[in-house]
Amino acid sequence: MPRVEVVRTFLELNSPDQLRPAPCPDARARVEKQVHCPVSLYRSLYAEVGGVYHWVDRRAWTDEEIRAHLAKPEVSILLLMIDDEPAGYSELVRHDDASVELAYFGLRPAFVSRGLGGYLLTVAVREAWSWGPGRVWLHTCSLDHPAAIPNYLARGFRPFRRDTYEVELPA
C-alpha cells in the first residue's frame with residue numbers, strides 16, 4: 001500500500017455574520033434534520049460520500065456504536081434531499097468549549113459539481129449558529145474533493161491551523 005503525505009486544514013467562522021450564504025441551486029432540494037437517523041442511512045451516506053475520499057474512521061463501528069453516537073444530544077445530522085433521493089449530509093457536533101464542529105460533510109458522487117455543496121454548507125452553518133456557539137469550525141484534508149476548501153473559503157471560513165500526517169492508501 002502506498003504511503004502519502006496528507007495536509008489537514010482547520011477552518012473556522014467566529015461569528016454568524018461571517019457566513020457568506022450560497023443560494024439553493026435546485027428547486028427540488030431541501031435539507032431535513034434527522035431526528036432519529038437510521039443506522040442504515042448513516043452507514044450508506046458515510047460510505048458513499050466518503051468512500052472516494054478514504055473516510056475509514058467509522059467503517060468499523062458496530063450498529064450499536066453508531067446508534068449510541070447518533071442518540072447524543074450534541075450530534076445532529078442534516079440530510080440534503082433532491083426530490084426523494086438523499087444527495088448528501090452534514091454532521092454537526094457541539095463541543096464543551098462552546099464550539100460546533102462540522103464533523104462530516106459531503107455529497108453523494110451523483111450530486112457533486114451541481115452547486116449543492118455551497119447550499120448544504122450554508123444550511124449546516126446556520127443550524128450550527130442556532131445552537132449559540134462561540135465559533136463554528138471544521139477540518140478538511142488534501143484527500144477530500146478539490147472543491148472542498150474553495151467552498152469553505154467562499155462561505156467565509158478562514159484557516160487557523162494546518163498540519164501534515166501520513167496514511168497508507170489502498171493500492
# chains A, B, ... in the order shown; residues from 1 in each chain; ligands from 1
>>> residues_around(residues="range 94-96 of chain A", least_positions_apart="4", cutoff="12 Å", atoms="only C-alpha atoms", output="list of chain:residue names")
A:Lys72, A:Pro73, A:Glu74, A:Val75, A:Ser76, A:Ile77, A:Val100, A:Glu101, A:Leu102, A:Ala103, A:Glu127, A:Ala128, A:Trp129, A:Ser130, A:Trp131, A:Gly132, A:Pro133, A:Gly134, A:Arg135, A:Val136, A:Trp137, A:Leu138
>>> write_last_selection(atoms="C-alpha atoms", output="PDB file, in the first residue's frame")
ATOM      1  CA  LYS A  72     -26.191  12.010  21.679  1.00  0.00           C
ATOM      2  CA  PRO A  73     -27.903  15.392  22.121  1.00  0.00           C
ATOM      3  CA  GLU A  74     -24.753  17.146  20.900  1.00  0.00           C
ATOM      4  CA  VAL A  75     -24.884  15.396  17.497  1.00  0.00           C
ATOM      5  CA  SER A  76     -27.139  16.471  14.647  1.00  0.00           C
ATOM      6  CA  ILE A  77     -27.478  15.034  11.148  1.00  0.00           C
ATOM      7  CA  VAL A 100     -19.785  23.471  16.998  1.00  0.00           C
ATOM      8  CA  GLU A 101     -17.786  21.276  14.657  1.00  0.00           C
ATOM      9  CA  LEU A 102     -18.909  20.389  11.177  1.00  0.00           C
ATOM     10  CA  ALA A 103     -17.543  16.884  11.685  1.00  0.00           C
ATOM     11  CA  GLU A 127     -28.050  25.345  12.045  1.00  0.00           C
ATOM     12  CA  ALA A 128     -24.748  25.323  13.929  1.00  0.00           C
ATOM     13  CA  TRP A 129     -25.072  29.025  14.794  1.00  0.00           C
ATOM     14  CA  SER A 130     -28.634  28.463  16.016  1.00  0.00           C
ATOM     15  CA  TRP A 131     -27.093  26.470  18.893  1.00  0.00           C
ATOM     16  CA  GLY A 132     -25.379  29.630  20.181  1.00  0.00           C
ATOM     17  CA  PRO A 133     -21.708  28.635  19.919  1.00  0.00           C
ATOM     18  CA  GLY A 134     -18.703  30.929  20.119  1.00  0.00           C
ATOM     19  CA  ARG A 135     -17.428  29.564  16.816  1.00  0.00           C
ATOM     20  CA  VAL A 136     -18.126  27.015  14.091  1.00  0.00           C
ATOM     21  CA  TRP A 137     -15.196  25.019  12.777  1.00  0.00           C
ATOM     22  CA  LEU A 138     -14.191  22.074  10.632  1.00  0.00           C
TER      23      LEU A 138
END
>>> residues_around(residues="range 83-85 of chain A", least_positions_apart="3", cutoff="12 Å", atoms="only C-alpha atoms", output="ChimeraX atom specification")
/A:26-32,41,45,79-80,88-89,107-108,110-111
>>> write_last_selection(atoms="N, CA and C atoms", output="PDB file, in the first residue's frame")
ATOM      1  N   ASP A  26     -31.267  24.313  -6.857  1.00  0.00           N
ATOM      2  CA  ASP A  26     -32.224  23.355  -7.400  1.00  0.00           C
ATOM      3  C   ASP A  26     -33.517  23.460  -6.591  1.00  0.00           C
ATOM      4  N   ALA A  27     -34.600  23.800  -7.243  1.00  0.00           N
ATOM      5  CA  ALA A  27     -35.881  23.988  -6.559  1.00  0.00           C
ATOM      6  C   ALA A  27     -36.369  22.703  -5.890  1.00  0.00           C
ATOM      7  N   ARG A  28     -35.849  21.564  -6.300  1.00  0.00           N
ATOM      8  CA  ARG A  28     -36.257  20.284  -5.705  1.00  0.00           C
ATOM      9  C   ARG A  28     -35.492  19.961  -4.432  1.00  0.00           C
ATOM     10  N   ALA A  29     -34.476  20.763  -4.113  1.00  0.00           N
ATOM     11  CA  ALA A  29     -33.607  20.479  -2.963  1.00  0.00           C
ATOM     12  C   ALA A  29     -34.232  20.968  -1.664  1.00  0.00           C
ATOM     13  N   ARG A  30     -34.018  20.177  -0.624  1.00  0.00           N
ATOM     14  CA  ARG A  30     -34.409  20.583   0.715  1.00  0.00           C
ATOM     15  C   ARG A  30     -33.465  19.883   1.698  1.00  0.00           C
ATOM     16  N   VAL A  31     -33.290  20.488   2.858  1.00  0.00           N
ATOM     17  CA  VAL A  31     -32.452  19.905   3.898  1.00  0.00           C
ATOM     18  C   VAL A  31     -33.355  19.544   5.068  1.00  0.00           C
ATOM     19  N   GLU A  32     -33.240  18.299   5.503  1.00  0.00           N
ATOM     20  CA  GLU A  32     -34.067  17.783   6.591  1.00  0.00           C
ATOM     21  C   GLU A  32     -33.196  17.409   7.774  1.00  0.00           C
ATOM     22  N   LEU A  41     -29.088   4.289   7.005  1.00  0.00           N
ATOM     23  CA  LEU A  41     -28.919   5.514   6.223  1.00  0.00           C
ATOM     24  C   LEU A  41     -27.567   6.152   6.534  1.00  0.00           C
ATOM     25  N   LEU A  45     -24.644   6.743   3.741  1.00  0.00           N
ATOM     26  CA  LEU A  45     -24.133   8.078   3.424  1.00  0.00           C
ATOM     27  C   LEU A  45     -22.639   8.175   3.706  1.00  0.00           C
ATOM     28  N   LEU A  79     -29.775  16.117   6.377  1.00  0.00           N
ATOM     29  CA  LEU A  79     -29.813  15.339   5.146  1.00  0.00           C
ATOM     30  C   LEU A  79     -30.290  16.217   3.997  1.00  0.00           C
ATOM     31  N   LEU A  80     -29.470  16.310   2.953  1.00  0.00           N
ATOM     32  CA  LEU A  80     -29.849  17.028   1.739  1.00  0.00           C
ATOM     33  C   LEU A  80     -30.605  16.067   0.838  1.00  0.00           C
ATOM     34  N   GLY A  88     -26.772  14.192   0.005  1.00  0.00           N
ATOM     35  CA  GLY A  88     -25.603  14.445   0.827  1.00  0.00           C
ATOM     36  C   GLY A  88     -26.029  14.659   2.268  1.00  0.00           C
ATOM     37  N   TYR A  89     -25.033  14.921   3.112  1.00  0.00           N
ATOM     38  CA  TYR A  89     -25.360  15.132   4.525  1.00  0.00           C
ATOM     39  C   TYR A  89     -24.272  15.935   5.212  1.00  0.00           C
ATOM     40  N   LEU A 107     -21.311  15.275  -0.375  1.00  0.00           N
ATOM     41  CA  LEU A 107     -22.357  14.882  -1.311  1.00  0.00           C
ATOM     42  C   LEU A 107     -22.092  13.491  -1.869  1.00  0.00           C
ATOM     43  N   ARG A 108     -23.154  12.788  -2.184  1.00  0.00           N
ATOM     44  CA  ARG A 108     -23.009  11.523  -2.903  1.00  0.00           C
ATOM     45  C   ARG A 108     -22.460  11.848  -4.291  1.00  0.00           C
ATOM     46  N   ALA A 110     -23.103  11.276  -7.374  1.00  0.00           N
ATOM     47  CA  ALA A 110     -24.000  11.715  -8.453  1.00  0.00           C
ATOM     48  C   ALA A 110     -24.445  13.164  -8.306  1.00  0.00           C
ATOM     49  N   PHE A 111     -24.204  13.771  -7.139  1.00  0.00           N
ATOM     50  CA  PHE A 111     -24.688  15.133  -6.890  1.00  0.00           C
ATOM     51  C   PHE A 111     -23.567  16.169  -6.792  1.00  0.00           C
TER      52      PHE A 111
END
>>> select_by_dssp(residues="range 26-164 of chain A", states="helix (DSSP H, G or I)", output="PyMOL selection string")
chain A and resi 39-53+63-71+109-111+116-130+148-154
>>> closest_residue(among="A:Ser15, A:Ser99, A:Thr122, A:Ser40", to="Asp63 in chain A", atoms="only C-alpha atoms")
A:Ser40
>>> decode(residues="range 93-142 of chain A", atoms="N, CA and C atoms", output="compact mmCIF listing (two decimals), in the first residue's frame")
# COMPACT_ATOMS: atom_id res chain seq x y z
N VAL A 93 -21.44 18.58 15.54
CA VAL A 93 -21.16 18.11 16.90
C VAL A 93 -20.85 19.32 17.77
N ARG A 94 -21.62 19.46 18.84
CA ARG A 94 -21.40 20.54 19.81
C ARG A 94 -20.34 20.05 20.81
N HIS A 95 -19.34 20.93 21.07
CA HIS A 95 -18.25 20.58 21.98
C HIS A 95 -18.35 21.39 23.27
N ASP A 96 -17.68 20.90 24.31
CA ASP A 96 -17.71 21.55 25.62
C ASP A 96 -17.07 22.94 25.62
N ASP A 97 -16.26 23.26 24.62
CA ASP A 97 -15.60 24.56 24.57
C ASP A 97 -16.47 25.64 23.91
N ALA A 98 -17.77 25.40 23.82
CA ALA A 98 -18.74 26.33 23.22
C ALA A 98 -18.52 26.50 21.72
N SER A 99 -18.04 25.44 21.08
CA SER A 99 -17.92 25.46 19.62
C SER A 99 -18.81 24.37 19.03
N VAL A 100 -19.10 24.52 17.74
CA VAL A 100 -19.78 23.47 17.00
C VAL A 100 -18.88 23.10 15.84
N GLU A 101 -18.62 21.81 15.74
CA GLU A 101 -17.79 21.28 14.66
C GLU A 101 -18.66 20.71 13.55
N LEU A 102 -18.33 21.05 12.33
CA LEU A 102 -18.91 20.39 11.18
C LEU A 102 -18.02 19.17 10.96
N ALA A 103 -18.40 18.06 11.61
CA ALA A 103 -17.54 16.88 11.69
C ALA A 103 -17.48 16.11 10.37
N TYR A 104 -18.60 15.99 9.70
CA TYR A 104 -18.66 15.32 8.40
C TYR A 104 -19.56 16.14 7.49
N PHE A 105 -19.20 16.16 6.22
CA PHE A 105 -19.93 16.98 5.27
C PHE A 105 -19.60 16.49 3.87
N GLY A 106 -20.63 16.32 3.04
CA GLY A 106 -20.34 15.97 1.65
C GLY A 106 -21.56 15.51 0.90
N LEU A 107 -21.31 15.27 -0.37
CA LEU A 107 -22.36 14.88 -1.31
C LEU A 107 -22.09 13.49 -1.87
N ARG A 108 -23.15 12.79 -2.18
CA ARG A 108 -23.01 11.52 -2.90
C ARG A 108 -22.46 11.85 -4.29
N PRO A 109 -21.67 10.95 -4.88
CA PRO A 109 -20.99 11.25 -6.15
C PRO A 109 -21.90 11.78 -7.27
N ALA A 110 -23.10 11.28 -7.37
CA ALA A 110 -24.00 11.71 -8.45
C ALA A 110 -24.45 13.16 -8.31
N PHE A 111 -24.20 13.77 -7.14
CA PHE A 111 -24.69 15.13 -6.89
C PHE A 111 -23.57 16.17 -6.79
N VAL A 112 -22.34 15.74 -7.01
CA VAL A 112 -21.19 16.63 -6.97
C VAL A 112 -21.18 17.53 -8.21
N SER A 113 -20.66 18.73 -8.06
CA SER A 113 -20.48 19.71 -9.16
C SER A 113 -21.81 20.26 -9.68
N ARG A 114 -22.79 20.36 -8.79
CA ARG A 114 -24.09 20.92 -9.16
C ARG A 114 -24.45 22.14 -8.31
N GLY A 115 -23.49 22.64 -7.52
CA GLY A 115 -23.74 23.80 -6.68
C GLY A 115 -24.42 23.47 -5.37
N LEU A 116 -24.63 22.19 -5.11
CA LEU A 116 -25.35 21.79 -3.91
C LEU A 116 -24.50 21.86 -2.64
N GLY A 117 -23.19 21.74 -2.79
CA GLY A 117 -22.31 21.77 -1.63
C GLY A 117 -22.36 23.11 -0.90
N GLY A 118 -22.36 24.20 -1.65
CA GLY A 118 -22.44 25.52 -1.04
C GLY A 118 -23.75 25.73 -0.30
N TYR A 119 -24.82 25.23 -0.91
CA TYR A 119 -26.14 25.34 -0.28
C TYR A 119 -26.21 24.52 1.00
N LEU A 120 -25.76 23.25 0.95
CA LEU A 120 -25.79 22.40 2.14
C LEU A 120 -24.91 22.99 3.24
N LEU A 121 -23.75 23.51 2.87
CA LEU A 121 -22.88 24.13 3.85
C LEU A 121 -23.54 25.34 4.50
N THR A 122 -24.21 26.14 3.71
CA THR A 122 -24.92 27.31 4.24
C THR A 122 -25.97 26.89 5.28
N VAL A 123 -26.76 25.89 4.94
CA VAL A 123 -27.80 25.43 5.86
C VAL A 123 -27.18 24.83 7.12
N ALA A 124 -26.12 24.04 6.96
CA ALA A 124 -25.47 23.42 8.11
C ALA A 124 -24.87 24.48 9.05
N VAL A 125 -24.23 25.49 8.48
CA VAL A 125 -23.63 26.54 9.31
C VAL A 125 -24.71 27.35 10.03
N ARG A 126 -25.80 27.64 9.35
CA ARG A 126 -26.90 28.35 10.02
C ARG A 126 -27.46 27.53 11.17
N GLU A 127 -27.59 26.22 10.97
CA GLU A 127 -28.05 25.35 12.05
C GLU A 127 -27.05 25.37 13.19
N ALA A 128 -25.78 25.29 12.89
CA ALA A 128 -24.75 25.32 13.93
C ALA A 128 -24.83 26.61 14.74
N TRP A 129 -24.99 27.75 14.07
CA TRP A 129 -25.07 29.03 14.79
C TRP A 129 -26.34 29.12 15.63
N SER A 130 -27.39 28.42 15.24
CA SER A 130 -28.63 28.46 16.02
C SER A 130 -28.45 27.84 17.40
N TRP A 131 -27.38 27.08 17.60
CA TRP A 131 -27.09 26.47 18.89
C TRP A 131 -26.38 27.44 19.84
N GLY A 132 -26.01 28.62 19.34
CA GLY A 132 -25.38 29.63 20.18
C GLY A 132 -23.92 29.41 20.52
N PRO A 133 -23.12 28.86 19.60
CA PRO A 133 -21.71 28.64 19.92
C PRO A 133 -20.88 29.92 19.82
N GLY A 134 -19.64 29.83 20.29
CA GLY A 134 -18.70 30.93 20.12
C GLY A 134 -18.02 30.89 18.77
N ARG A 135 -17.99 29.71 18.16
CA ARG A 135 -17.43 29.56 16.82
C ARG A 135 -17.93 28.27 16.19
N VAL A 136 -17.82 28.21 14.87
CA VAL A 136 -18.13 27.02 14.09
C VAL A 136 -16.85 26.66 13.34
N TRP A 137 -16.47 25.40 13.39
CA TRP A 137 -15.20 25.02 12.78
C TRP A 137 -15.30 23.66 12.11
N LEU A 138 -14.28 23.35 11.34
CA LEU A 138 -14.19 22.07 10.63
C LEU A 138 -12.74 21.82 10.28
N HIS A 139 -12.50 20.62 9.82
CA HIS A 139 -11.20 20.36 9.19
C HIS A 139 -11.44 19.54 7.94
N THR A 140 -10.57 19.74 7.00
CA THR A 140 -10.61 19.02 5.73
C THR A 140 -9.17 18.61 5.44
N CYS A 141 -8.99 17.81 4.41
CA CYS A 141 -7.63 17.40 4.09
C CYS A 141 -7.44 17.27 2.59
N SER A 142 -6.20 17.09 2.22
CA SER A 142 -5.85 17.03 0.79
C SER A 142 -6.41 15.79 0.10
